[in-house]
$ cat run_36.cif   # mmCIF, C-alpha atoms
data_coords
loop_
_atom_site.label_atom_id
_atom_site.label_comp_id
_atom_site.auth_asym_id
_atom_site.auth_seq_id
_atom_site.Cartn_x
_atom_site.Cartn_y
_atom_site.Cartn_z
CA MET Q 1 105.73 127.00 53.69
CA LYS Q 2 108.13 124.91 55.78
CA TYR Q 3 109.42 126.65 58.90
CA ARG Q 4 113.08 127.66 58.73
CA ARG Q 5 114.75 126.98 62.06
CA ARG Q 6 116.74 129.86 63.55
CA ILE Q 7 119.43 130.45 66.14
CA ALA Q 8 116.82 131.97 68.47
CA ASP Q 9 115.03 128.60 68.47
CA GLU Q 10 118.08 127.01 70.12
CA ILE Q 11 117.96 129.68 72.83
CA LEU Q 12 114.23 129.09 73.28
CA ASP Q 13 114.82 125.35 73.71
CA LEU Q 14 117.44 126.06 76.37
CA LYS Q 15 115.29 128.54 78.24
CA MET Q 16 112.30 126.19 78.24
CA GLU Q 17 114.44 123.68 80.11
CA ALA Q 18 115.36 126.28 82.73
CA PHE Q 19 112.27 128.47 83.22
CA GLY Q 20 108.54 128.08 83.57
CA ALA Q 21 107.77 130.79 81.02
CA ILE Q 22 109.66 132.64 78.29
CA TRP Q 23 108.86 136.07 76.90
CA ILE Q 24 110.06 136.40 73.29
CA MET Q 25 110.67 140.08 72.58
CA GLY Q 26 111.58 141.86 69.37
CA PRO Q 27 110.38 144.19 66.61
CA LYS Q 28 107.22 143.48 64.67
CA GLY Q 29 107.69 141.07 61.83
CA CYS Q 30 110.87 139.40 63.12
CA GLY Q 31 109.21 135.98 63.57
CA LYS Q 32 108.45 135.79 67.30
CA THR Q 33 105.03 134.18 66.91
CA SER Q 34 106.19 131.69 64.28
CA SER Q 35 109.02 130.53 66.55
CA GLY Q 36 106.68 130.23 69.52
CA LYS Q 37 104.18 128.20 67.50
CA GLN Q 38 106.83 125.56 66.77
CA LYS Q 39 106.88 124.68 70.49
CA ALA Q 40 103.30 125.44 71.57
CA ARG Q 41 100.52 122.89 71.91
CA THR Q 42 97.91 125.56 72.68
CA ILE Q 43 97.81 129.02 71.07
CA VAL Q 44 95.99 132.09 72.40
CA GLU Q 45 96.14 135.05 69.99
CA PHE Q 46 94.92 138.36 71.38
CA GLN Q 47 95.14 139.87 67.89
CA ASP Q 48 92.46 137.49 66.59
CA GLU Q 49 89.54 139.87 66.00
CA GLU Q 50 86.89 137.12 66.17
CA ASN Q 51 87.89 136.09 69.70
CA ARG Q 52 89.65 139.23 70.93
CA ASP Q 53 86.83 140.75 72.98
CA ASN Q 54 86.05 137.45 74.69
CA LEU Q 55 89.72 136.72 75.43
CA LEU Q 56 90.29 140.19 76.86
CA LEU Q 57 87.19 139.85 79.06
CA ILE Q 58 88.44 136.54 80.45
CA ALA Q 59 91.94 137.97 80.94
CA GLU Q 60 90.50 140.89 82.88
CA THR Q 61 88.02 139.00 85.06
CA SER Q 62 89.43 135.48 85.45
CA PRO Q 63 92.87 135.24 83.78
CA LYS Q 64 93.62 131.84 85.36
CA LYS Q 65 91.10 130.23 82.99
CA LEU Q 66 93.38 131.09 80.06
CA LEU Q 67 96.02 128.82 81.55
CA ILE Q 68 93.81 125.78 80.93
CA GLY Q 69 94.99 123.74 77.98
CA LYS Q 70 97.79 121.54 76.75
CA LYS Q 71 101.20 122.96 77.62
CA PRO Q 72 103.18 124.80 76.43
CA ILE Q 73 100.64 127.57 75.84
CA LEU Q 74 101.58 130.47 73.55
CA PHE Q 75 100.10 133.90 74.36
CA ASP Q 76 100.62 136.14 71.35
CA GLU Q 77 100.82 139.90 72.10
CA TRP Q 78 100.09 139.20 75.77
CA GLN Q 79 100.54 142.86 76.71
CA ASP Q 80 96.98 143.54 75.61
CA ALA Q 81 96.04 141.53 78.73
CA PRO Q 82 98.50 142.70 81.41
CA LYS Q 83 96.90 140.74 84.27
CA LEU Q 84 97.98 137.57 82.50
CA PHE Q 85 101.64 138.23 83.36
CA GLY Q 86 101.13 138.01 87.10
CA THR Q 87 98.86 135.00 86.72
CA ILE Q 88 101.53 133.12 84.77
CA ARG Q 89 104.21 134.14 87.26
CA LYS Q 90 102.16 132.73 90.17
CA ASP Q 91 101.33 129.52 88.32
CA VAL Q 92 105.00 128.95 87.55
CA ASP Q 93 105.77 129.59 91.23
CA ASP Q 94 103.09 127.16 92.42
CA SER Q 95 103.74 124.32 89.97
CA GLY Q 96 107.52 124.55 89.67
CA LYS Q 97 107.24 123.11 86.16
CA LYS Q 98 109.46 124.24 83.29
CA GLY Q 99 108.55 125.24 79.74
CA GLN Q 100 104.86 125.85 80.44
CA TYR Q 101 104.23 129.18 78.74
CA ILE Q 102 105.56 131.26 75.85
CA LEU Q 103 104.69 134.95 75.59
CA THR Q 104 105.38 137.11 72.56
CA GLY Q 105 105.37 140.90 72.28
CA SER Q 106 106.64 143.65 70.01
CA SER Q 107 107.33 145.99 72.88
CA ALA Q 108 109.69 146.08 75.84
CA ASN Q 109 107.02 147.91 77.80
CA LEU Q 110 106.09 145.73 80.79
CA ALA Q 111 102.58 147.16 80.96
CA ASP Q 112 101.16 147.71 84.45
CA THR Q 113 102.21 144.57 86.32
CA PRO Q 114 103.02 144.34 90.04
CA HIS Q 115 105.82 141.78 89.47
CA THR Q 116 108.77 141.65 87.07
CA GLY Q 117 108.67 137.88 86.72
CA THR Q 118 112.35 137.55 87.63
CA LEU Q 119 113.51 133.88 87.74
CA ARG Q 120 110.04 132.78 86.60
CA ILE Q 121 109.60 134.45 83.21
CA SER Q 122 112.83 134.70 81.23
CA ARG Q 123 113.24 137.16 78.37
CA LEU Q 124 114.56 136.27 74.93
CA GLN Q 125 115.27 139.04 72.44
CA MET Q 126 114.76 138.09 68.82
CA TYR Q 127 116.28 139.94 65.88
CA PRO Q 128 115.35 139.82 62.21
CA MET Q 129 117.04 136.98 60.34
CA SER Q 130 120.76 136.91 59.55
CA LEU Q 131 122.18 136.27 56.09
CA PHE Q 132 122.97 132.67 57.08
CA GLU Q 133 119.47 132.03 58.44
CA PHE Q 134 118.09 133.50 55.23
CA GLY Q 135 120.17 131.05 53.19
CA GLU Q 136 122.29 133.77 51.56
CA SER Q 137 125.52 133.32 53.49
CA ASN Q 138 126.95 129.91 52.62
CA GLY Q 139 128.06 129.43 56.25
CA SER Q 140 131.49 128.11 55.31
CA VAL Q 141 133.06 129.99 58.25
CA SER Q 142 131.81 129.42 61.81
CA LEU Q 143 132.36 132.39 64.11
CA LEU Q 144 132.60 130.12 67.15
CA GLU Q 145 135.14 127.88 65.40
CA LEU Q 146 137.25 130.94 64.62
CA PHE Q 147 137.41 131.69 68.34
CA GLU Q 148 138.21 128.04 69.12
CA ASN Q 149 140.93 127.61 66.50
CA PRO Q 150 141.76 130.73 64.44
CA ASN Q 151 144.87 129.07 63.00
CA ALA Q 152 142.69 126.51 61.21
CA PHE Q 153 141.20 129.17 58.93
CA GLY Q 154 142.51 128.53 55.43
CA GLY Q 155 140.39 130.88 53.36
CA CYS Q 156 136.86 130.96 51.96
CA LYS Q 157 134.74 132.22 49.09
CA SER Q 158 131.34 133.91 49.32
CA ASP Q 159 128.55 133.25 46.84
CA MET Q 160 127.20 136.78 47.34
CA THR Q 161 128.06 139.63 44.99
CA ILE Q 162 128.05 143.28 46.04
CA ASP Q 163 124.64 143.61 44.35
CA ASP Q 164 123.34 140.69 46.43
CA ILE Q 165 124.50 142.39 49.61
CA ILE Q 166 122.98 145.72 48.57
CA PHE Q 167 119.63 144.00 48.01
CA SER Q 168 119.87 142.19 51.36
CA ILE Q 169 120.47 145.51 53.11
CA CYS Q 170 117.45 147.08 51.44
CA ARG Q 171 115.16 144.07 51.95
CA GLY Q 172 116.22 143.41 55.52
CA GLY Q 173 116.03 140.21 57.52
CA TRP Q 174 112.25 140.04 57.71
CA PRO Q 175 111.01 136.43 57.48
CA GLY Q 176 107.81 137.62 55.81
CA THR Q 177 109.81 138.13 52.62
CA LEU Q 178 110.78 134.45 52.37
CA ASN Q 179 107.57 133.42 50.63
CA ILE Q 180 107.54 136.37 48.20
CA SER Q 181 109.02 135.57 44.80
CA SER Q 182 109.27 139.10 43.40
CA LYS Q 183 112.28 141.08 44.62
CA LYS Q 184 110.36 144.32 44.12
CA ALA Q 185 107.57 143.05 46.37
CA GLN Q 186 110.08 141.87 49.00
CA LEU Q 187 111.26 145.46 49.41
CA GLU Q 188 107.75 146.51 50.43
CA ILE Q 189 107.92 144.62 53.76
CA GLY Q 190 110.58 146.89 55.28
CA LYS Q 191 108.87 149.99 53.90
CA ASP Q 192 105.55 149.01 55.43
CA LEU Q 193 107.10 148.19 58.80
CA TYR Q 194 108.74 151.62 58.80
CA LYS Q 195 105.43 153.34 58.01
CA GLN Q 196 103.53 151.34 60.63
CA THR Q 197 106.16 152.23 63.23
CA TYR Q 198 105.88 156.01 62.88
CA SER Q 199 102.16 156.20 62.07
CA VAL Q 200 100.61 153.60 64.41
CA ASP Q 201 102.91 151.68 66.74
CA ILE Q 202 104.68 154.64 68.34
CA SER Q 203 101.37 155.79 69.82
CA LYS Q 204 99.91 152.35 70.44
CA ILE Q 205 102.84 151.13 72.56
CA ASP Q 206 101.74 153.00 75.70
CA GLY Q 207 98.59 154.84 74.65
CA VAL Q 208 100.40 158.19 74.41
CA LYS Q 209 99.37 160.13 71.30
CA ARG Q 210 102.48 161.06 69.31
CA ASN Q 211 102.83 163.04 66.10
CA PRO Q 212 103.61 160.63 63.21
CA ASN Q 213 105.52 163.37 61.35
CA ILE Q 214 107.87 163.94 64.29
CA ALA Q 215 108.37 160.19 64.67
CA GLN Q 216 109.16 159.94 60.97
CA THR Q 217 111.72 162.74 61.27
CA VAL Q 218 113.42 161.02 64.22
CA LEU Q 219 113.73 157.83 62.16
CA ARG Q 220 115.09 159.75 59.18
CA SER Q 221 117.70 161.34 61.40
CA TYR Q 222 118.73 157.90 62.61
CA GLY Q 223 118.86 156.73 59.02
CA ARG Q 224 121.17 159.60 58.05
CA ASN Q 225 123.40 159.01 61.06
CA ILE Q 226 123.37 155.22 61.19
CA CYS Q 227 126.58 153.67 62.57
CA THR Q 228 128.06 157.09 63.35
CA LEU Q 229 128.80 158.75 66.68
CA ALA Q 230 126.24 161.47 66.05
CA GLU Q 231 125.63 163.28 69.33
CA LYS Q 232 122.20 163.87 70.78
CA LYS Q 233 122.39 167.52 69.79
CA THR Q 234 122.72 166.45 66.13
CA LEU Q 235 119.58 164.34 66.33
CA LEU Q 236 117.77 167.11 68.19
CA ALA Q 237 118.78 169.67 65.56
CA ASP Q 238 117.46 167.44 62.77
CA VAL Q 239 114.02 167.32 64.38
CA LYS Q 240 113.97 170.95 65.53
CA SER Q 241 114.77 172.18 62.03
CA ASN Q 242 111.29 170.95 61.07
CA TYR Q 243 109.24 171.15 64.27
CA ASP Q 244 109.00 173.38 67.32
CA VAL Q 245 109.43 170.72 70.00
CA SER Q 246 111.32 170.49 73.28
CA ASP Q 247 114.27 168.21 74.02
CA PRO Q 248 112.24 166.05 76.46
CA THR Q 249 109.61 165.50 73.77
CA ILE Q 250 112.19 164.19 71.32
CA TYR Q 251 113.71 161.97 74.03
CA ASP Q 252 110.21 160.57 74.62
CA TYR Q 253 109.98 159.62 70.92
CA THR Q 254 113.38 157.91 70.89
CA SER Q 255 112.51 156.07 74.10
CA ALA Q 256 109.30 154.77 72.51
CA LEU Q 257 111.26 153.59 69.46
CA GLU Q 258 113.68 151.75 71.75
CA LYS Q 259 110.76 150.02 73.47
CA LEU Q 260 109.53 148.96 70.03
CA PHE Q 261 112.99 147.46 69.38
CA ILE Q 262 113.53 149.76 66.40
CA ILE Q 263 116.41 151.85 67.80
CA ASP Q 264 119.32 149.61 68.78
CA ASP Q 265 122.28 151.85 69.69
CA ILE Q 266 125.78 150.42 70.25
CA ASP Q 267 127.67 151.15 73.48
CA ALA Q 268 131.34 152.13 73.63
CA TRP Q 269 134.05 149.78 74.85
CA SER Q 270 136.09 151.72 77.38
CA PRO Q 271 139.16 149.75 78.49
CA SER Q 272 141.71 151.53 80.66
CA ILE Q 273 144.39 151.61 77.93
CA ARG Q 274 144.04 155.38 77.57
CA SER Q 275 142.91 158.27 79.69
CA LYS Q 276 139.17 158.29 80.19
CA THR Q 277 139.03 161.71 78.55
CA ALA Q 278 140.61 160.30 75.38
CA ILE Q 279 138.12 157.49 74.74
CA ARG Q 280 134.83 158.30 73.05
CA SER Q 281 131.95 157.07 75.18
CA SER Q 282 128.87 158.24 73.26
CA LYS Q 283 126.62 155.64 71.68
CA LYS Q 284 126.95 154.63 68.06
CA ARG Q 285 123.58 155.22 66.40
CA ASN Q 286 121.96 152.12 64.97
CA LEU Q 287 118.63 150.54 64.07
CA ILE Q 288 117.56 146.92 64.55
CA ASP Q 289 117.79 146.30 60.79
CA PRO Q 290 119.39 148.39 58.01
CA SER Q 291 116.26 148.15 55.86
CA ILE Q 292 114.51 150.56 58.22
CA ALA Q 293 117.17 153.20 57.52
CA VAL Q 294 116.84 152.55 53.78
CA ALA Q 295 113.07 153.01 54.01
CA ALA Q 296 113.40 156.13 56.18
CA LEU Q 297 115.75 157.71 53.63
CA GLY Q 298 113.52 156.70 50.70
CA LEU Q 299 116.30 154.80 48.91
CA SER Q 300 116.35 151.83 46.54
CA PRO Q 301 119.03 149.24 45.64
CA GLU Q 302 119.80 151.20 42.46
CA TYR Q 303 120.69 154.29 44.48
CA PHE Q 304 123.79 152.62 45.90
CA ASN Q 305 125.38 152.28 42.48
CA ARG Q 306 126.52 155.87 43.00
CA ASP Q 307 126.77 156.24 46.79
CA PHE Q 308 129.17 153.81 48.39
CA LYS Q 309 129.75 156.08 51.39
CA THR Q 310 126.19 155.64 52.65
CA LEU Q 311 126.35 151.98 51.68
CA GLY Q 312 129.39 151.54 53.93
CA PHE Q 313 127.45 152.65 57.02
CA LEU Q 314 124.50 150.43 56.15
CA PHE Q 315 126.83 147.49 55.53
CA GLU Q 316 128.21 148.02 59.04
CA SER Q 317 124.66 147.92 60.44
CA LEU Q 318 124.01 144.66 58.59
CA CYS Q 319 127.20 143.11 59.99
CA ILE Q 320 126.41 144.21 63.55
CA ARG Q 321 122.94 142.68 63.28
CA ASP Q 322 124.39 139.37 62.11
CA LEU Q 323 127.15 139.32 64.73
CA LYS Q 324 124.56 139.82 67.48
CA ILE Q 325 122.50 136.94 66.12
CA TYR Q 326 125.46 134.59 65.63
CA THR Q 327 126.70 135.09 69.20
CA SER Q 328 123.31 135.29 70.93
CA LEU Q 329 123.58 131.68 72.09
CA TYR Q 330 126.71 132.68 74.04
CA ASP Q 331 125.36 136.00 75.37
CA GLY Q 332 127.54 137.88 72.89
CA LYS Q 333 127.83 141.65 73.28
CA VAL Q 334 128.78 144.11 70.55
CA SER Q 335 130.42 147.44 71.34
CA TYR Q 336 132.86 149.74 69.49
CA TYR Q 337 136.16 151.47 70.26
CA ARG Q 338 137.20 154.96 69.21
CA ASP Q 339 139.45 157.59 70.76
CA ARG Q 340 140.26 161.21 70.00
CA TYR Q 341 143.54 160.18 68.38
CA GLY Q 342 141.64 158.52 65.53
CA LEU Q 343 142.25 154.95 66.66
CA GLU Q 344 139.16 152.81 66.20
CA ALA Q 345 137.61 149.38 65.89
CA ASP Q 346 134.17 149.38 64.29
CA ALA Q 347 133.11 146.59 66.62
CA VAL Q 348 134.37 144.76 69.69
CA LEU Q 349 132.63 141.40 70.01
CA HIS Q 350 132.63 139.94 73.54
CA LEU Q 351 131.68 136.37 74.43
CA ASN Q 352 130.46 135.49 77.91
CA ASP Q 353 133.69 133.60 78.73
CA GLY Q 354 135.86 136.71 78.40
CA ARG Q 355 137.11 136.13 74.86
CA TYR Q 356 136.70 138.98 72.42
CA ALA Q 357 137.41 140.05 68.85
CA LEU Q 358 138.40 143.40 67.36
CA ILE Q 359 136.51 143.90 64.10
CA GLU Q 360 136.47 146.35 61.20
CA PHE Q 361 133.83 146.45 58.46
CA LYS Q 362 135.03 147.26 54.94
CA LEU Q 363 133.10 147.07 51.69
CA GLY Q 364 136.06 146.25 49.46
CA GLN Q 365 139.75 145.40 49.22
CA SER Q 366 140.92 149.01 48.93
CA GLU Q 367 139.94 149.79 52.54
CA ILE Q 368 141.34 146.66 54.17
CA GLU Q 369 144.85 147.99 54.78
CA LEU Q 370 143.64 150.92 56.87
CA GLY Q 371 141.30 148.67 58.87
CA ALA Q 372 144.12 146.22 59.56
CA LYS Q 373 146.38 149.05 60.71
CA HIS Q 374 143.80 150.17 63.27
CA LEU Q 375 143.32 146.67 64.67
CA CYS Q 376 147.07 146.09 65.05
CA GLN Q 377 147.52 149.49 66.70
CA ILE Q 378 144.87 148.70 69.31
CA GLU Q 379 146.51 145.36 70.05
CA GLU Q 380 149.90 147.08 70.43
CA LEU Q 381 148.33 149.67 72.74
CA ILE Q 382 147.00 146.86 74.95
CA LYS Q 383 150.43 145.19 75.02
CA LYS Q 384 152.05 148.48 76.00
CA TYR Q 385 149.49 149.00 78.75
CA ASN Q 386 150.28 145.51 80.08
CA GLU Q 387 154.07 145.99 80.06
CA PRO Q 388 154.31 147.24 83.66
CA GLU Q 389 153.31 144.48 86.04
CA LYS Q 390 149.56 144.87 86.34
CA GLN Q 391 147.34 143.28 88.95
CA CYS Q 392 144.64 142.97 86.29
CA PRO Q 393 146.26 142.99 82.83
CA LEU Q 394 143.90 143.50 79.90
CA ARG Q 395 143.36 140.39 77.81
CA LEU Q 396 144.74 140.56 74.28
CA PRO Q 397 142.15 140.14 71.51
CA ASP Q 398 141.47 136.51 70.64
CA LEU Q 399 140.60 137.50 67.07
CA LYS Q 400 141.35 140.42 64.79
CA MET Q 401 138.97 140.37 61.89
CA ILE Q 402 137.81 142.42 58.91
CA LEU Q 403 134.34 141.62 57.58
CA THR Q 404 133.93 142.56 53.93
CA ALA Q 405 131.39 142.61 51.12
CA SER Q 406 133.92 141.03 48.79
CA GLN Q 407 133.96 137.36 47.76
CA TYR Q 408 137.31 136.00 48.95
CA GLY Q 409 138.49 135.46 52.52
CA TYR Q 410 142.05 134.86 53.69
CA LYS Q 411 144.49 135.24 56.57
CA ARG Q 412 146.98 138.10 56.41
CA ASP Q 413 150.61 137.90 57.50
CA ASP Q 414 149.77 140.04 60.55
CA GLY Q 415 147.25 137.42 61.70
CA ILE Q 416 144.17 139.40 60.74
CA LEU Q 417 141.36 137.35 59.19
CA VAL Q 418 139.62 138.89 56.18
CA ILE Q 419 136.20 137.25 55.93
CA PRO Q 420 133.25 137.99 53.59
CA ILE Q 421 130.00 138.44 55.49
CA GLY Q 422 128.54 136.05 52.89
CA CYS Q 423 130.59 133.20 54.40
CA LEU Q 424 129.83 133.71 58.09
CA LYS Q 425 127.56 131.76 60.40
CA ASN Q 426 127.23 131.23 64.16
#

$ encode --input "run_36.cif" --output "structure tokens"
Amino acid sequence: MKYRRRIADEILDLKMEAFGAIWIMGPKGCGKTSSGKQKARTIVEFQDEENRDNLLLIAETSPKKLLIGKKPILFDEWQDAPKLFGTIRKDVDDSGKKGQYILTGSSANLADTPHTGTLRISRLQMYPMSLFEFGESNGSVSLLELFENPNAFGGCKSDMTIDDIIFSICRGGWPGTLNISSKKAQLEIGKDLYKQTYSVDISKIDGVKRNPNIAQTVLRSYGRNICTLAEKKTLLADVKSNYDVSDPTIYDYTSALEKLFIIDDIDAWSPSIRSKTAIRSSKKRNLIDPSIAVAALGLSPEYFNRDFKTLGFLFESLCIRDLKIYTSLYDGKVSYYRDRYGLEADAVLHLNDGRYALIEFKLGQSEIELGAKHLCQIEELIKKYNEPEKQCPLRLPDLKMILTASQYGYKRDDGILVIPIGCLKN
């Protein structure tokens, strides 16, 4: 099967020009190794059972020998051989050459290494694939072009129906589904990744034995509370209703899931437009891909024919995933805004040059008016805050946007852009 180039590949190209080694990080199954193999001339796979024992022995006793070969060299799941990290760092230091090594790993755990690799080994976080990378979004609307010239937007039409979007949410952005023809079989990838996470990976990540049933319950709680401001006590109560465990134990499980890149919470945007006590600052609960929540809750595409409320939260998770991917080349950051007066923006998308967008996610046309009202109210609040002469006035939003699951996109009279997620690209 022909490799499908992704946005992360552009970032990898850039980093290979600037650094001696790049560590591609991300959840299992997101395509880290496949991307690395496109650039590598030598491949060392520690998961290869035929050579594993020999490779680990070399990595433990004489790791420098593994650096022999045509560059770039790819080390897949390098964390099984932690001494390799320091060896690569020193070689990069000594040679001064760029783009020599690519490391891949499904864990943020740095293993037991004496050096962080700062300025020698750069990190690149990879997500599952976006709708555009998958070939489902037609890409008729460029997010970057919207920032550059929002007035040029003249409307668009998505090729995706609501049923298409529901299936994409349930299947997830896992590249392993690309070569599977049966839709029913495609759904098994996300389910299996979910099962592997709570039954195997959560203990394997750092060698700490954890109860798979507790891990499964933590993931189910996240699935139930996805894209909400559920407090820690809510998540704790979900687990404690089934198991007699302490708070620190549950925190240990969530920490392990973060290191596996499964939990991907969203931080709050806290501008000084209101009193600090008025702005919600807790994290919005989220997972790296909505398919994990679907699997954790035991749902199918057919279920959402009668539950659009749950679908709305999962649609938000899908949109956040895609926004992070589309802006990753520009160090994009996604946060949210909500205060105790009910004013909210589902997402605040920041670019590294200071520009930002206020965004709402709405499944259909009936919800757009309320979303638009919120976005305009936040903009007016910023204007009011700036009215007195401020030394550091807050920048007005460069874009106000509503991402939908509908088919038609247009510009409203209030300047808000209504754009189907099935039209968006980077």

$ closest_atom_pairs --input "run_36.cif" --of "segment 148-196 of chain Q" --to "segment 2-5 of chain Q" --cutoff "10 Å" --atoms "only C-alpha atoms" --output "Markdown table"
| residue | atom | partner | partner_atom | distance |
| --- | --- | --- | --- | --- |
| Q:Pro175 | CA | Q:Arg4 | CA | 9.1 |
| Q:Leu178 | CA | Q:Arg4 | CA | 9.6 |
| Q:Asn179 | CA | Q:Lys2 | CA | 10.0 |

$ resolve_selection --input "run_36.cif" --expression "the PyMOL selection byres ((chain Q and resi 174) around 7)" --output "list of chain:residue names"
Q:Gly29, Q:Cys30, Q:Pro128, Q:Met129, Q:Gly172, Q:Gly173, Q:Pro175, Q:Gly176, Q:Thr177

$ write_last_selection --input "run_36.cif" --atoms "C-alpha atoms" --output "PDB file, in the coordinates of the input"
ATOM      1  CA  GLY Q  29     107.690 141.070  61.830  1.00  0.00           C
ATOM      2  CA  CYS Q  30     110.870 139.400  63.120  1.00  0.00           C
ATOM      3  CA  PRO Q 128     115.350 139.820  62.210  1.00  0.00           C
ATOM      4  CA  MET Q 129     117.040 136.980  60.340  1.00  0.00           C
ATOM      5  CA  GLY Q 172     116.220 143.410  55.520  1.00  0.00           C
ATOM      6  CA  GLY Q 173     116.030 140.210  57.520  1.00  0.00           C
ATOM      7  CA  PRO Q 175     111.010 136.430  57.480  1.00  0.00           C
ATOM      8  CA  GLY Q 176     107.810 137.620  55.810  1.00  0.00           C
ATOM      9  CA  THR Q 177     109.810 138.130  52.620  1.00  0.00           C
TER      10      THR Q 177
END

$ resolve_selection --input "run_36.cif" --expression "the PyMOL selection byres ((chain Q and resi 199-206) around 12)" --output "MDAnalysis selection string"
chainID Q and resid 27:28 77 79:80 105:112 192:198 207:219 252:262

$ closest_residue --input "run_36.cif" --among "Q:Ser275, Q:Asn151, Q:Ser291, Q:Thr161" --to "Asp398 of chain Q" --atoms "only C-alpha atoms"
Q:Asn151

$ resolve_selection --input "run_36.cif" --expression "the PyMOL selection byres ((chain Q and resi 170) around 7)" --output "MDAnalysis selection string"
chainID Q and resid 166:169 171:172 187 290:291 294 300:301

$ residues_around --input "run_36.cif" --residues "Arg355 of chain Q" --least-positions-apart "6" --cutoff "12 Å" --atoms "all atoms listed in the file" --output "ChimeraX atom specification"
/Q:144,146-148,327,330-333,348-349,394-400

$ residues_around --input "run_36.cif" --residues "segment 58-63 of chain Q" --least-positions-apart "4" --cutoff "8 Å" --atoms "only C-alpha atoms" --output "ChimeraX atom specification"
/Q:54,67,81,83-84,87

$ closest_residue --input "run_36.cif" --among "Q:Ile189, Q:Leu351, Q:Leu103, Q:Ile250" --to "Ile22 of chain Q" --atoms "all atoms listed in the file"
Q:Leu103

$ residues_around --input "run_36.cif" --residues "Asp267 of chain Q" --least-positions-apart "4" --cutoff "9 Å" --atoms "only C-alpha atoms" --output "list in words"
Ser281, Ser282, Lys283, Lys284, Val334, Ser335 and Tyr336 of chain Q

$ atom_distance --input "run_36.cif" --atom1 "atom CA of Asp93 of chain Q" --atom2 "atom CA of Lys65 of chain Q"
16.8 Å

$ atom_distance --input "run_36.cif" --atom1 "atom CA of Arg340 of chain Q" --atom2 "atom CA of Asn352 of chain Q"
28.6 Å

$ closest_atom_pairs --input "run_36.cif" --of "segment 226-274 of chain Q" --to "segment 363-381 of chain Q" --cutoff "12 Å" --atoms "only C-alpha atoms" --output "Markdown table"
| residue | atom | partner | partner_atom | distance |
| --- | --- | --- | --- | --- |
| Q:Pro271 | CA | Q:Leu381 | CA | 10.8 |
| Q:Ser272 | CA | Q:Leu381 | CA | 10.5 |
| Q:Ile273 | CA | Q:Leu381 | CA | 6.8 |
| Q:Arg274 | CA | Q:Leu381 | CA | 8.6 |

$ write_last_selection --input "run_36.cif" --atoms "C-alpha atoms" --output "short mmCIF file (atom, residue, chain, number, x, y, z; two decimals), in the coordinates of the input"
data_model
loop_
_atom_site.label_atom_id
_atom_site.label_comp_id
_atom_site.auth_asym_id
_atom_site.auth_seq_id
_atom_site.Cartn_x
_atom_site.Cartn_y
_atom_site.Cartn_z
CA PRO Q 271 139.16 149.75 78.49
CA SER Q 272 141.71 151.53 80.66
CA ILE Q 273 144.39 151.61 77.93
CA ARG Q 274 144.04 155.38 77.57
#

$ closest_residue --input "run_36.cif" --among "Q:Leu417, Q:Ser246, Q:Arg306, Q:Asp339" --to "Phe361 of chain Q" --atoms "all atoms listed in the file"
Q:Leu417

$ closest_residue --input "run_36.cif" --among "Q:Lys64, Q:Trp78, Q:Glu360, Q:Tyr101" --to "Arg41 of chain Q" --atoms "all atoms listed in the file"
Q:Tyr101

$ atom_distance --input "run_36.cif" --atom1 "atom CA of Gln47 of chain Q" --atom2 "atom CA of Tyr251 of chain Q"
29.5 Å

$ residues_around --input "run_36.cif" --residues "Ile325 of chain Q" --least-positions-apart "4" --cutoff "7 Å" --atoms "all atoms listed in the file" --output "count of residues only"
3

$ build_atoms --input "run_36.cif" --residues "segment 67-75 of chain Q" --atoms "N, CA and C atoms" --output "mmCIF file, in the coordinates of the input"
data_model
loop_
_atom_site.group_PDB
_atom_site.id
_atom_site.type_symbol
_atom_site.label_atom_id
_atom_site.label_comp_id
_atom_site.auth_asym_id
_atom_site.auth_seq_id
_atom_site.Cartn_x
_atom_site.Cartn_y
_atom_site.Cartn_z
ATOM 1 N N LEU Q 67 94.899 129.731 81.370
ATOM 2 C CA LEU Q 67 96.020 128.820 81.550
ATOM 3 C C LEU Q 67 95.596 127.355 81.392
ATOM 4 N N ILE Q 68 94.306 127.137 81.143
ATOM 5 C CA ILE Q 68 93.810 125.780 80.930
ATOM 6 C C ILE Q 68 94.088 125.370 79.492
ATOM 7 N N GLY Q 69 94.690 124.223 79.321
ATOM 8 C CA GLY Q 69 94.990 123.740 77.980
ATOM 9 C C GLY Q 69 96.285 122.956 77.975
ATOM 10 N N LYS Q 70 96.564 122.312 76.860
ATOM 11 C CA LYS Q 70 97.790 121.540 76.750
ATOM 12 C C LYS Q 70 98.994 122.477 76.724
ATOM 13 N N LYS Q 71 99.991 122.132 77.512
ATOM 14 C CA LYS Q 71 101.200 122.960 77.620
ATOM 15 C C LYS Q 71 102.256 122.467 76.624
ATOM 16 N N PRO Q 72 103.093 123.366 76.143
ATOM 17 C CA PRO Q 72 103.180 124.800 76.430
ATOM 18 C C PRO Q 72 102.042 125.577 75.742
ATOM 19 N N ILE Q 73 101.643 126.668 76.401
ATOM 20 C CA ILE Q 73 100.640 127.570 75.840
ATOM 21 C C ILE Q 73 101.342 128.835 75.345
ATOM 22 N N LEU Q 74 101.041 129.230 74.120
ATOM 23 C CA LEU Q 74 101.580 130.470 73.550
ATOM 24 C C LEU Q 74 100.548 131.578 73.686
ATOM 25 N N PHE Q 75 100.948 132.703 74.292
ATOM 26 C CA PHE Q 75 100.100 133.900 74.360
ATOM 27 C C PHE Q 75 100.723 134.960 73.460
#
